[in-house]
Every structure is written in structure tokens, then in C-alpha cells.
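A.B. asks: What follows is final06.pdb; its format and atoms are PDB, C-alpha atoms.
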```
ATOM      1  CA  MET A  75       9.844 -30.732  12.456  1.00  0.00           C
ATOM      2  CA  ARG A  76      11.209 -29.977  15.893  1.00  0.00           C
ATOM      3  CA  LYS A  77      12.681 -26.480  16.058  1.00  0.00           C
ATOM      4  CA  PRO A  78      16.276 -26.126  17.335  1.00  0.00           C
ATOM      5  CA  SER A  79      16.491 -24.946  20.925  1.00  0.00           C
ATOM      6  CA  THR A  80      19.174 -24.163  23.459  1.00  0.00           C
ATOM      7  CA  GLY A  81      18.914 -25.558  26.961  1.00  0.00           C
ATOM      8  CA  VAL A  82      21.290 -25.775  29.897  1.00  0.00           C
ATOM      9  CA  ALA A  83      23.319 -28.884  30.701  1.00  0.00           C
ATOM     10  CA  PRO A  84      22.182 -30.500  33.989  1.00  0.00           C
ATOM     11  CA  GLU A  85      25.664 -30.005  35.454  1.00  0.00           C
ATOM     12  CA  GLY A  86      25.232 -26.241  35.136  1.00  0.00           C
ATOM     13  CA  THR A  87      21.872 -25.939  36.916  1.00  0.00           C
ATOM     14  CA  PRO A  88      23.317 -25.576  40.467  1.00  0.00           C
ATOM     15  CA  ALA A  89      25.770 -22.864  39.382  1.00  0.00           C
ATOM     16  CA  VAL A  90      23.076 -20.896  37.538  1.00  0.00           C
ATOM     17  CA  PHE A  91      20.663 -21.187  40.479  1.00  0.00           C
ATOM     18  CA  LEU A  92      23.209 -20.133  43.117  1.00  0.00           C
ATOM     19  CA  CYS A  93      24.523 -17.169  41.108  1.00  0.00           C
ATOM     20  CA  SER A  94      21.040 -15.893  40.284  1.00  0.00           C
ATOM     21  CA  LEU A  95      19.908 -16.331  43.910  1.00  0.00           C
ATOM     22  CA  ALA A  96      22.967 -14.421  45.139  1.00  0.00           C
ATOM     23  CA  ALA A  97      22.217 -11.641  42.645  1.00  0.00           C
ATOM     24  CA  LEU A  98      18.625 -11.348  43.915  1.00  0.00           C
ATOM     25  CA  VAL A  99      19.711 -11.309  47.568  1.00  0.00           C
ATOM     26  CA  ALA A 100      22.370  -8.664  46.886  1.00  0.00           C
ATOM     27  CA  ALA A 101      19.819  -6.553  45.018  1.00  0.00           C
ATOM     28  CA  ALA A 102      17.344  -6.871  47.895  1.00  0.00           C
ATOM     29  CA  LEU A 103      20.061  -5.708  50.301  1.00  0.00           C
ATOM     30  CA  GLU A 104      20.835  -2.807  47.931  1.00  0.00           C
ATOM     31  CA  CYS A 105      24.417  -4.008  47.362  1.00  0.00           C
ATOM     32  CA  ALA A 106      24.478  -2.783  43.779  1.00  0.00           C
ATOM     33  CA  TRP A 107      28.004  -3.807  42.737  1.00  0.00           C
ATOM     34  CA  THR A 108      27.674  -7.236  44.328  1.00  0.00           C
ATOM     35  CA  ALA A 109      24.353  -7.756  42.557  1.00  0.00           C
ATOM     36  CA  VAL A 110      25.915  -6.767  39.225  1.00  0.00           C
ATOM     37  CA  ALA A 111      28.839  -9.151  39.799  1.00  0.00           C
ATOM     38  CA  PHE A 112      26.558 -12.098  40.546  1.00  0.00           C
ATOM     39  CA  PHE A 113      24.304 -11.202  37.611  1.00  0.00           C
ATOM     40  CA  ALA A 114      27.370 -11.263  35.347  1.00  0.00           C
ATOM     41  CA  ALA A 115      28.320 -14.645  36.834  1.00  0.00           C
ATOM     42  CA  THR A 116      24.810 -15.927  36.077  1.00  0.00           C
ATOM     43  CA  VAL A 117      25.072 -14.826  32.454  1.00  0.00           C
ATOM     44  CA  PHE A 118      28.503 -16.475  32.159  1.00  0.00           C
ATOM     45  CA  CYS A 119      27.203 -19.763  33.597  1.00  0.00           C
ATOM     46  CA  LEU A 120      24.197 -19.736  31.260  1.00  0.00           C
ATOM     47  CA  HIS A 121      26.546 -19.183  28.330  1.00  0.00           C
ATOM     48  CA  PHE A 122      29.112 -21.776  29.418  1.00  0.00           C
ATOM     49  CA  PHE A 123      26.607 -24.545  30.210  1.00  0.00           C
ATOM     50  CA  ARG A 124      24.402 -23.955  27.158  1.00  0.00           C
ATOM     51  CA  ASP A 125      23.401 -27.153  25.383  1.00  0.00           C
ATOM     52  CA  PRO A 126      21.859 -26.478  21.965  1.00  0.00           C
ATOM     53  CA  GLU A 127      20.034 -29.028  19.844  1.00  0.00           C
ATOM     54  CA  ARG A 128      22.036 -30.002  16.764  1.00  0.00           C
ATOM     55  CA  PRO A 129      21.046 -31.407  13.319  1.00  0.00           C
ATOM     56  CA  VAL A 130      23.207 -34.558  13.209  1.00  0.00           C
ATOM     57  CA  PRO A 131      24.245 -35.708   9.684  1.00  0.00           C
ATOM     58  CA  THR A 132      22.799 -39.042   8.556  1.00  0.00           C
ATOM     59  CA  ALA A 133      25.321 -39.966   5.831  1.00  0.00           C
ATOM     60  CA  PRO A 134      26.517 -43.570   6.297  1.00  0.00           C
ATOM     61  CA  GLY A 135      30.004 -44.389   7.549  1.00  0.00           C
ATOM     62  CA  ILE A 136      31.051 -40.934   8.735  1.00  0.00           C
ATOM     63  CA  ALA A 137      32.064 -39.631  12.160  1.00  0.00           C
ATOM     64  CA  VAL A 138      31.034 -36.262  13.574  1.00  0.00           C
ATOM     65  CA  SER A 139      32.963 -33.996  15.877  1.00  0.00           C
ATOM     66  CA  PRO A 140      32.587 -34.865  19.575  1.00  0.00           C
ATOM     67  CA  ALA A 141      33.246 -31.262  20.610  1.00  0.00           C
ATOM     68  CA  ASP A 142      32.965 -27.632  19.581  1.00  0.00           C
ATOM     69  CA  GLY A 143      36.357 -26.025  19.047  1.00  0.00           C
ATOM     70  CA  LYS A 144      39.411 -26.060  16.817  1.00  0.00           C
ATOM     71  CA  VAL A 145      41.362 -28.980  15.391  1.00  0.00           C
ATOM     72  CA  VAL A 146      44.857 -28.706  16.885  1.00  0.00           C
ATOM     73  CA  LYS A 147      46.363 -31.973  15.667  1.00  0.00           C
ATOM     74  CA  VAL A 148      45.795 -34.739  13.101  1.00  0.00           C
ATOM     75  CA  ALA A 149      48.446 -37.437  13.462  1.00  0.00           C
ATOM     76  CA  ARG A 150      49.154 -41.035  14.393  1.00  0.00           C
ATOM     77  CA  MET A 151      49.176 -41.540  18.160  1.00  0.00           C
ATOM     78  CA  PRO A 152      49.107 -44.579  20.490  1.00  0.00           C
ATOM     79  CA  ASP A 153      45.558 -45.749  21.123  1.00  0.00           C
ATOM     80  CA  PRO A 154      44.701 -45.381  24.852  1.00  0.00           C
ATOM     81  CA  PHE A 155      43.386 -48.957  25.068  1.00  0.00           C
ATOM     82  CA  THR A 156      45.697 -50.947  22.753  1.00  0.00           C
ATOM     83  CA  ALA A 157      48.768 -48.653  22.463  1.00  0.00           C
ATOM     84  CA  GLU A 158      48.746 -49.296  18.716  1.00  0.00           C
ATOM     85  CA  PRO A 159      49.445 -46.213  16.538  1.00  0.00           C
ATOM     86  CA  ARG A 160      46.215 -44.909  15.000  1.00  0.00           C
ATOM     87  CA  LEU A 161      45.179 -41.738  13.242  1.00  0.00           C
ATOM     88  CA  CYS A 162      43.873 -39.297  15.808  1.00  0.00           C
ATOM     89  CA  VAL A 163      41.939 -36.026  15.487  1.00  0.00           C
ATOM     90  CA  CYS A 164      42.475 -33.677  18.455  1.00  0.00           C
ATOM     91  CA  ILE A 165      39.963 -30.879  19.139  1.00  0.00           C
ATOM     92  CA  PHE A 166      40.640 -28.071  21.611  1.00  0.00           C
ATOM     93  CA  MET A 167      37.760 -26.280  23.348  1.00  0.00           C
ATOM     94  CA  ASN A 168      38.276 -22.826  24.795  1.00  0.00           C
ATOM     95  CA  VAL A 169      36.204 -21.410  27.641  1.00  0.00           C
ATOM     96  CA  PHE A 170      33.701 -19.828  25.211  1.00  0.00           C
ATOM     97  CA  ASN A 171      32.826 -23.028  23.315  1.00  0.00           C
ATOM     98  CA  VAL A 172      29.870 -25.305  24.076  1.00  0.00           C
ATOM     99  CA  HIS A 173      31.382 -27.938  26.381  1.00  0.00           C
ATOM    100  CA  VAL A 174      28.848 -30.749  26.016  1.00  0.00           C
ATOM    101  CA  ASN A 175      30.570 -33.668  24.269  1.00  0.00           C
ATOM    102  CA  ARG A 176      28.858 -36.030  21.835  1.00  0.00           C
ATOM    103  CA  SER A 177      29.462 -39.500  20.468  1.00  0.00           C
ATOM    104  CA  PRO A 178      31.244 -39.347  17.084  1.00  0.00           C
ATOM    105  CA  VAL A 179      29.497 -42.499  15.816  1.00  0.00           C
ATOM    106  CA  ALA A 180      26.502 -44.696  16.497  1.00  0.00           C
ATOM    107  CA  GLY A 181      27.425 -47.831  18.382  1.00  0.00           C
ATOM    108  CA  LYS A 182      28.093 -49.436  21.737  1.00  0.00           C
ATOM    109  CA  VAL A 183      30.340 -48.386  24.616  1.00  0.00           C
ATOM    110  CA  VAL A 184      32.674 -51.358  25.070  1.00  0.00           C
ATOM    111  CA  ASP A 185      34.897 -49.979  27.829  1.00  0.00           C
ATOM    112  CA  THR A 186      35.785 -46.813  29.720  1.00  0.00           C
ATOM    113  CA  ALA A 187      38.939 -45.847  31.600  1.00  0.00           C
ATOM    114  CA  TYR A 188      39.450 -42.882  33.913  1.00  0.00           C
ATOM    115  CA  HIS A 189      42.955 -41.626  34.689  1.00  0.00           C
ATOM    116  CA  ALA A 190      43.669 -39.053  37.383  1.00  0.00           C
ATOM    117  CA  GLY A 191      46.453 -36.740  36.271  1.00  0.00           C
ATOM    118  CA  LYS A 192      47.869 -33.260  35.924  1.00  0.00           C
ATOM    119  CA  PHE A 193      46.441 -30.119  34.347  1.00  0.00           C
ATOM    120  CA  PHE A 194      48.798 -29.039  31.575  1.00  0.00           C
ATOM    121  CA  ASN A 195      47.489 -26.850  28.769  1.00  0.00           C
ATOM    122  CA  ALA A 196      45.194 -29.202  26.823  1.00  0.00           C
ATOM    123  CA  SER A 197      46.668 -28.106  23.482  1.00  0.00           C
ATOM    124  CA  LEU A 198      50.068 -29.623  24.379  1.00  0.00           C
ATOM    125  CA  ASP A 199      51.022 -33.125  23.199  1.00  0.00           C
ATOM    126  CA  LYS A 200      51.786 -34.357  26.723  1.00  0.00           C
ATOM    127  CA  ALA A 201      48.197 -33.620  27.774  1.00  0.00           C
ATOM    128  CA  SER A 202      47.166 -36.880  26.030  1.00  0.00           C
ATOM    129  CA  THR A 203      49.231 -38.962  28.449  1.00  0.00           C
ATOM    130  CA  ASP A 204      49.761 -36.782  31.539  1.00  0.00           C
ATOM    131  CA  ASN A 205      46.481 -34.924  32.142  1.00  0.00           C
ATOM    132  CA  GLU A 206      43.331 -36.068  33.887  1.00  0.00           C
ATOM    133  CA  ARG A 207      41.280 -37.860  31.247  1.00  0.00           C
ATOM    134  CA  CYS A 208      38.455 -40.294  30.566  1.00  0.00           C
ATOM    135  CA  ALA A 209      38.706 -42.691  27.610  1.00  0.00           C
ATOM    136  CA  TYR A 210      35.863 -44.523  25.851  1.00  0.00           C
ATOM    137  CA  ALA A 211      36.200 -47.598  23.620  1.00  0.00           C
ATOM    138  CA  LEU A 212      33.352 -47.610  21.100  1.00  0.00           C
ATOM    139  CA  GLU A 213      32.240 -50.242  18.600  1.00  0.00           C
ATOM    140  CA  ASP A 214      30.246 -48.842  15.705  1.00  0.00           C
ATOM    141  CA  GLU A 215      27.423 -50.526  13.803  1.00  0.00           C
ATOM    142  CA  ASP A 216      29.916 -52.082  11.366  1.00  0.00           C
ATOM    143  CA  GLY A 217      31.994 -53.607  14.164  1.00  0.00           C
ATOM    144  CA  LYS A 218      34.837 -51.083  13.862  1.00  0.00           C
ATOM    145  CA  ARG A 219      36.571 -49.932  17.043  1.00  0.00           C
ATOM    146  CA  TRP A 220      36.904 -46.258  17.918  1.00  0.00           C
ATOM    147  CA  SER A 221      38.463 -44.555  20.903  1.00  0.00           C
ATOM    148  CA  MET A 222      37.470 -41.160  22.293  1.00  0.00           C
ATOM    149  CA  VAL A 223      39.258 -39.358  25.118  1.00  0.00           C
ATOM    150  CA  GLN A 224      38.077 -36.375  27.174  1.00  0.00           C
ATOM    151  CA  ILE A 225      41.141 -34.513  28.467  1.00  0.00           C
ATOM    152  CA  ALA A 226      41.048 -31.921  31.251  1.00  0.00           C
ATOM    153  CA  GLY A 227      43.028 -28.752  30.606  1.00  0.00           C
ATOM    154  CA  LEU A 228      44.826 -25.959  32.418  1.00  0.00           C
ATOM    155  CA  VAL A 229      41.600 -24.519  33.855  1.00  0.00           C
ATOM    156  CA  ALA A 230      39.282 -27.530  33.551  1.00  0.00           C
ATOM    157  CA  ARG A 231      38.998 -29.432  36.826  1.00  0.00           C
ATOM    158  CA  ARG A 232      36.167 -31.835  36.280  1.00  0.00           C
ATOM    159  CA  ILE A 233      35.316 -34.363  33.582  1.00  0.00           C
ATOM    160  CA  VAL A 234      31.671 -35.455  33.427  1.00  0.00           C
ATOM    161  CA  CYS A 235      31.116 -38.967  32.028  1.00  0.00           C
ATOM    162  CA  ARG A 236      27.517 -39.882  31.244  1.00  0.00           C
ATOM    163  CA  ALA A 237      28.132 -43.103  29.259  1.00  0.00           C
ATOM    164  CA  GLU A 238      28.991 -46.502  30.731  1.00  0.00           C
ATOM    165  CA  PRO A 239      30.066 -49.847  29.249  1.00  0.00           C
ATOM    166  CA  GLY A 240      27.097 -51.536  27.604  1.00  0.00           C
ATOM    167  CA  ASP A 241      25.352 -48.286  26.657  1.00  0.00           C
ATOM    168  CA  THR A 242      24.151 -47.974  23.057  1.00  0.00           C
ATOM    169  CA  LEU A 243      24.682 -44.511  21.573  1.00  0.00           C
ATOM    170  CA  ARG A 244      23.321 -42.671  18.592  1.00  0.00           C
ATOM    171  CA  ARG A 245      25.642 -40.616  16.430  1.00  0.00           C
ATOM    172  CA  GLY A 246      25.796 -37.157  17.994  1.00  0.00           C
ATOM    173  CA  GLU A 247      24.234 -38.274  21.291  1.00  0.00           C
ATOM    174  CA  ARG A 248      25.419 -36.401  24.385  1.00  0.00           C
ATOM    175  CA  ILE A 249      28.120 -38.405  26.182  1.00  0.00           C
ATOM    176  CA  GLY A 250      29.404 -35.950  28.827  1.00  0.00           C
ATOM    177  CA  MET A 251      31.241 -32.670  29.188  1.00  0.00           C
ATOM    178  CA  ILE A 252      34.439 -31.074  30.499  1.00  0.00           C
ATOM    179  CA  LYS A 253      34.242 -27.865  32.477  1.00  0.00           C
ATOM    180  CA  PHE A 254      36.176 -24.714  31.560  1.00  0.00           C
ATOM    181  CA  GLY A 255      38.466 -25.361  28.601  1.00  0.00           C
ATOM    182  CA  SER A 256      39.696 -28.763  27.520  1.00  0.00           C
ATOM    183  CA  ARG A 257      40.280 -31.199  24.653  1.00  0.00           C
ATOM    184  CA  VAL A 258      38.750 -34.289  23.039  1.00  0.00           C
ATOM    185  CA  ASP A 259      40.731 -36.810  20.960  1.00  0.00           C
ATOM    186  CA  VAL A 260      39.140 -39.287  18.529  1.00  0.00           C
ATOM    187  CA  TYR A 261      41.154 -42.310  17.321  1.00  0.00           C
ATOM    188  CA  LEU A 262      39.996 -43.566  13.922  1.00  0.00           C
ATOM    189  CA  PRO A 263      39.726 -47.231  12.920  1.00  0.00           C
ATOM    190  CA  ASP A 264      41.382 -48.596   9.782  1.00  0.00           C
ATOM    191  CA  GLY A 265      39.492 -47.689   6.634  1.00  0.00           C
ATOM    192  CA  LEU A 266      38.621 -44.173   7.809  1.00  0.00           C
ATOM    193  CA  GLN A 267      40.422 -40.980   6.852  1.00  0.00           C
ATOM    194  CA  PRO A 268      40.338 -37.518   8.462  1.00  0.00           C
ATOM    195  CA  ALA A 269      37.933 -35.027   6.890  1.00  0.00           C
ATOM    196  CA  VAL A 270      39.410 -32.012   8.733  1.00  0.00           C
ATOM    197  CA  VAL A 271      42.721 -30.161   8.856  1.00  0.00           C
ATOM    198  CA  VAL A 272      44.649 -28.463  11.647  1.00  0.00           C
ATOM    199  CA  GLY A 273      43.213 -25.036  12.419  1.00  0.00           C
ATOM    200  CA  GLN A 274      39.703 -25.892  11.227  1.00  0.00           C
ATOM    201  CA  LYS A 275      36.796 -24.998  13.513  1.00  0.00           C
ATOM    202  CA  VAL A 276      34.262 -27.756  14.165  1.00  0.00           C
ATOM    203  CA  THR A 277      30.843 -28.097  15.786  1.00  0.00           C
ATOM    204  CA  ALA A 278      29.906 -31.029  18.009  1.00  0.00           C
ATOM    205  CA  GLY A 279      27.418 -33.405  16.453  1.00  0.00           C
ATOM    206  CA  VAL A 280      27.414 -31.508  13.156  1.00  0.00           C
ATOM    207  CA  SER A 281      30.873 -31.251  11.567  1.00  0.00           C
ATOM    208  CA  MET A 282      32.171 -34.360   9.800  1.00  0.00           C
ATOM    209  CA  ILE A 283      35.676 -35.231  11.033  1.00  0.00           C
ATOM    210  CA  ALA A 284      36.208 -38.622   9.352  1.00  0.00           C
ATOM    211  CA  ALA A 285      34.873 -40.537   6.376  1.00  0.00           C
ATOM    212  CA  PRO A 286      35.529 -43.872   4.658  1.00  0.00           C
ATOM    213  CA  GLN A 287      38.676 -43.907   2.540  1.00  0.00           C
ATOM    214  CA  SER A 288      38.148 -43.501  -1.173  1.00  0.00           C
ATOM    215  CA  PRO A 289      38.884 -46.734  -3.072  1.00  0.00           C
ATOM    216  CA  THR A 290      42.227 -46.651  -4.877  1.00  0.00           C
ATOM    217  CA  ARG A 291      42.272 -47.249  -8.570  1.00  0.00           C
TER     218      ARG A 291
END
```
Reformat the file's structure so that it appears as C-alpha cells.
C.D. replies:
Amino acid sequence: MRKPSTGVAPEGTPAVFLCSLAALVAAALECAWTAVAFFAATVFCLHFFRDPERPVPTAPGIAVSPADGKVVKVARMPDPFTAEPRLCVCIFMNVFNVHVNRSPVAGKVVDTAYHAGKFFNASLDKASTDNERCAYALEDEDGKRWSMVQIAGLVARRIVCRAEPGDTLRRGERIGMIKFGSRVDVYLPDGLQPAVVVGQKVTAGVSMIAAPQSPTR
């Protein structure tokens, strides 16, 4: 069995390299405080851009969290592609969380939509419609439609989208990231119910956030 490991997201490699190089140059020039500052920046970048391997659940029909963080909202909201009200699970990532985002389900990327916008606090309701964001329309293996939205926050200034229309994704596969504090919303299809509550902490690719509804008697 492959042992879990923690790497660095490709987007973080330039920042780690530049900070570590600056620390070495400052040390060589005997600029102690500057060297310490750049060393601290290197450690921060390594921590922020860390990308650990995750054991993705294999139970049928479930959805996993697309992000590390805390559930800040579970409510019906207009779907970003159809505008129809759907149950949505909103997850807020602070600056200390892993920021690599993952696909909540296995399936195909049907469409994507990028919207330039503002940078309100990502935990606010208006962030879903006013902030910079990138939306994905996904079709799972059962033909059900999901929507996932990466939302930039107060500090976040760049959304990284790795998936494109036509791509086939595994559950828990890396789909992109948002830098420096942000939010991810997942819109559930009919027949699924939330498996989390507001305030609950979740782990990307590991925590179950939705499951098929129990049959009514």
C-alpha cells in the first residue's frame, strides 16, 4: 500500500524557490534579520502550498468535501448555471488550511464559467454572487448534475482552475486551488442530502458532505 505523503502544489514552487533563495543570499551577505524573515516566508509558503495525499472513501453514491475548512452554510441557493434553487454546502477555508481543491464526485466536467468580481469576505452570503469565482458543472457516473464553485475571498487574489470541459475526474481528484483564504460551494442534485452541519470541520477528499436520501416509509 502506498504510504501517505505531503508534497507541494505546483503553484507554490516559484514562491518557495524565491523565498529560500533570498534567505540563502541574505545569509551569505550576513544580513541576519533579512535571512530570518525570508526563512520564515519559506516555511509559510511550504505550509500554505502543502498538498497531502488523502484516502478517498469508496462508498457508492456519496460526495466528499472539495476543500479543507469549516462548513459555514447549508441552505437552498440559486444554482450558478441554471438559477434553480438547490441545496448547497458552503465551506470556508482560512489561511492555515490546505488550499488544494478536489472533485466531490467521480464524473465528467460538462462546463466551466469564470466570473471576475470583487473580494468581499468569503464567509458572507454576497460572496457567492459578487466575488471573483470559477464554477464547474459536473455530471456524475449516474448522470446526476452537480455544481461546484471556487470563490475568492478578502485576501485571496487568484483562483487556479486545473479542470476543463470534457475532463473525466475521479472522486477526490485535485481540481485546482484558491490562494490565501477562500470558499468552495457544492450544489447537490435531487436525491442527495447533506451529511454535514454548519460549524463542522471537513477535510478535502476525505469527509463525506452528501449522501443519498434515505427511502421514506
A.B. asks: May I have the residues within 7 Å of A:Ala209 as a PyMOL selection string, using all atoms listed in the file and disregarding those fewer than 3 positions away in the same chain?
C.D. replies: chain A and resi 186-188+221-224
A.B. asks: Tell me which residues the PyMOL selection byres ((chain A and resi 236) around 9) grabs here, as a tab-separated table (two decimals) with C-alpha atoms, in the frame of the given file.
C.D. replies:
```
chain	number	residue	atom	x	y	z
A	234	VAL	CA	31.67	-35.46	33.43
A	235	CYS	CA	31.12	-38.97	32.03
A	237	ALA	CA	28.13	-43.10	29.26
A	238	GLU	CA	28.99	-46.50	30.73
A	248	ARG	CA	25.42	-36.40	24.38
A	249	ILE	CA	28.12	-38.40	26.18
A	250	GLY	CA	29.40	-35.95	28.83
A	251	MET	CA	31.24	-32.67	29.19
```
A.B. asks: For A:Gly181, find every residue with an atom within 12 Å (counting only C-alpha atoms), except residues of its own chain fewer than 5 positions away, and show them as a PyMOL selection string.
C.D. replies: chain A and resi 135+137+210-221+237+239-247
A.B. asks: Could you pull the residues within 12 Å of stretch 81-95 of chain A, counting all atoms listed in the file, minus those fewer than 6 positions along the same chain, as a PyMOL selection string?
C.D. replies: chain A and resi 101-102+108-128+172-175+232-236+248-254
A.B. asks: Nearest to A:Gly265: which of A:Ala133, A:Met282, A:Leu161, A:Ala226 is it, counting all atoms listed in the file?
C.D. replies: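 Of all the options, A:Leu161 lies closest to A:Gly265.
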A.B. asks: Around the point (31.0, -29.8, 16.3), in the coordinates given by the file, pick out the residues reaching within 8 Å, counting all atoms listed in the file, and return them as an MDAnalysis selection string.
C.D. replies: chainID A and resid 138:143 276:281
A.B. asks: Output stretch 167-194 of chain A with N, CA and C atoms present, as a compact mmCIF listing (two decimals), in the coordinates of the input.
C.D. replies:
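Writing done, so here's rebuild-v1.txt:
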```txt
# COMPACT_ATOMS: atom_id res chain seq x y z
N MET A 167 38.88 -27.15 23.01
CA MET A 167 37.76 -26.28 23.35
C MET A 167 38.25 -25.15 24.25
N ASN A 168 37.95 -23.92 23.88
CA ASN A 168 38.28 -22.83 24.80
C ASN A 168 37.08 -22.56 25.70
N VAL A 169 37.23 -21.63 26.61
CA VAL A 169 36.20 -21.41 27.64
C VAL A 169 34.89 -20.88 27.07
N PHE A 170 34.91 -20.40 25.80
CA PHE A 170 33.70 -19.83 25.21
C PHE A 170 32.94 -20.83 24.35
N ASN A 171 33.51 -22.01 24.11
CA ASN A 171 32.83 -23.03 23.32
C ASN A 171 31.76 -23.74 24.13
N VAL A 172 30.79 -24.37 23.43
CA VAL A 172 29.87 -25.30 24.08
C VAL A 172 30.71 -26.48 24.56
N HIS A 173 30.53 -26.90 25.80
CA HIS A 173 31.38 -27.94 26.38
C HIS A 173 30.71 -29.30 26.53
N VAL A 174 29.50 -29.45 26.02
CA VAL A 174 28.85 -30.75 26.02
C VAL A 174 29.47 -31.59 24.90
N ASN A 175 29.93 -32.79 25.24
CA ASN A 175 30.57 -33.67 24.27
C ASN A 175 29.57 -34.69 23.74
N ARG A 176 29.79 -35.12 22.50
CA ARG A 176 28.86 -36.03 21.84
C ARG A 176 29.59 -37.23 21.23
N SER A 177 28.87 -38.31 21.06
CA SER A 177 29.46 -39.50 20.47
C SER A 177 29.73 -39.26 18.99
N PRO A 178 30.94 -39.58 18.50
CA PRO A 178 31.24 -39.35 17.08
C PRO A 178 30.52 -40.30 16.15
N VAL A 179 30.15 -41.49 16.65
CA VAL A 179 29.50 -42.50 15.82
C VAL A 179 28.38 -43.17 16.60
N ALA A 180 27.52 -43.86 15.86
CA ALA A 180 26.50 -44.70 16.50
C ALA A 180 27.13 -46.04 16.83
N GLY A 181 26.85 -46.55 18.01
CA GLY A 181 27.42 -47.83 18.38
C GLY A 181 27.30 -48.11 19.86
N LYS A 182 28.16 -48.97 20.35
CA LYS A 182 28.09 -49.44 21.74
C LYS A 182 29.36 -49.06 22.49
N VAL A 183 29.20 -48.66 23.76
CA VAL A 183 30.34 -48.39 24.62
C VAL A 183 30.87 -49.73 25.12
N VAL A 184 32.08 -50.08 24.70
CA VAL A 184 32.67 -51.36 25.07
C VAL A 184 33.42 -51.26 26.40
N ASP A 185 34.10 -50.13 26.61
CA ASP A 185 34.90 -49.98 27.83
C ASP A 185 35.12 -48.50 28.10
N THR A 186 35.39 -48.17 29.34
CA THR A 186 35.78 -46.81 29.72
C THR A 186 36.97 -46.91 30.67
N ALA A 187 37.77 -45.86 30.70
CA ALA A 187 38.94 -45.85 31.60
C ALA A 187 39.21 -44.42 32.04
N TYR A 188 39.16 -44.20 33.35
CA TYR A 188 39.45 -42.88 33.91
C TYR A 188 40.87 -42.87 34.47
N HIS A 189 41.59 -41.78 34.20
CA HIS A 189 42.96 -41.63 34.69
C HIS A 189 43.07 -40.28 35.40
N ALA A 190 43.38 -40.30 36.68
CA ALA A 190 43.67 -39.05 37.38
C ALA A 190 45.02 -38.54 36.88
N GLY A 191 45.19 -37.25 36.79
CA GLY A 191 46.45 -36.74 36.27
C GLY A 191 46.66 -35.27 36.56
N LYS A 192 47.51 -34.66 35.74
CA LYS A 192 47.87 -33.26 35.92
C LYS A 192 46.96 -32.37 35.09
N PHE A 193 47.29 -31.08 35.05
CA PHE A 193 46.44 -30.12 34.35
C PHE A 193 47.29 -29.21 33.48
N PHE A 194 48.05 -29.82 32.55
CA PHE A 194 48.80 -29.04 31.58
C PHE A 194 47.82 -28.41 30.59
```
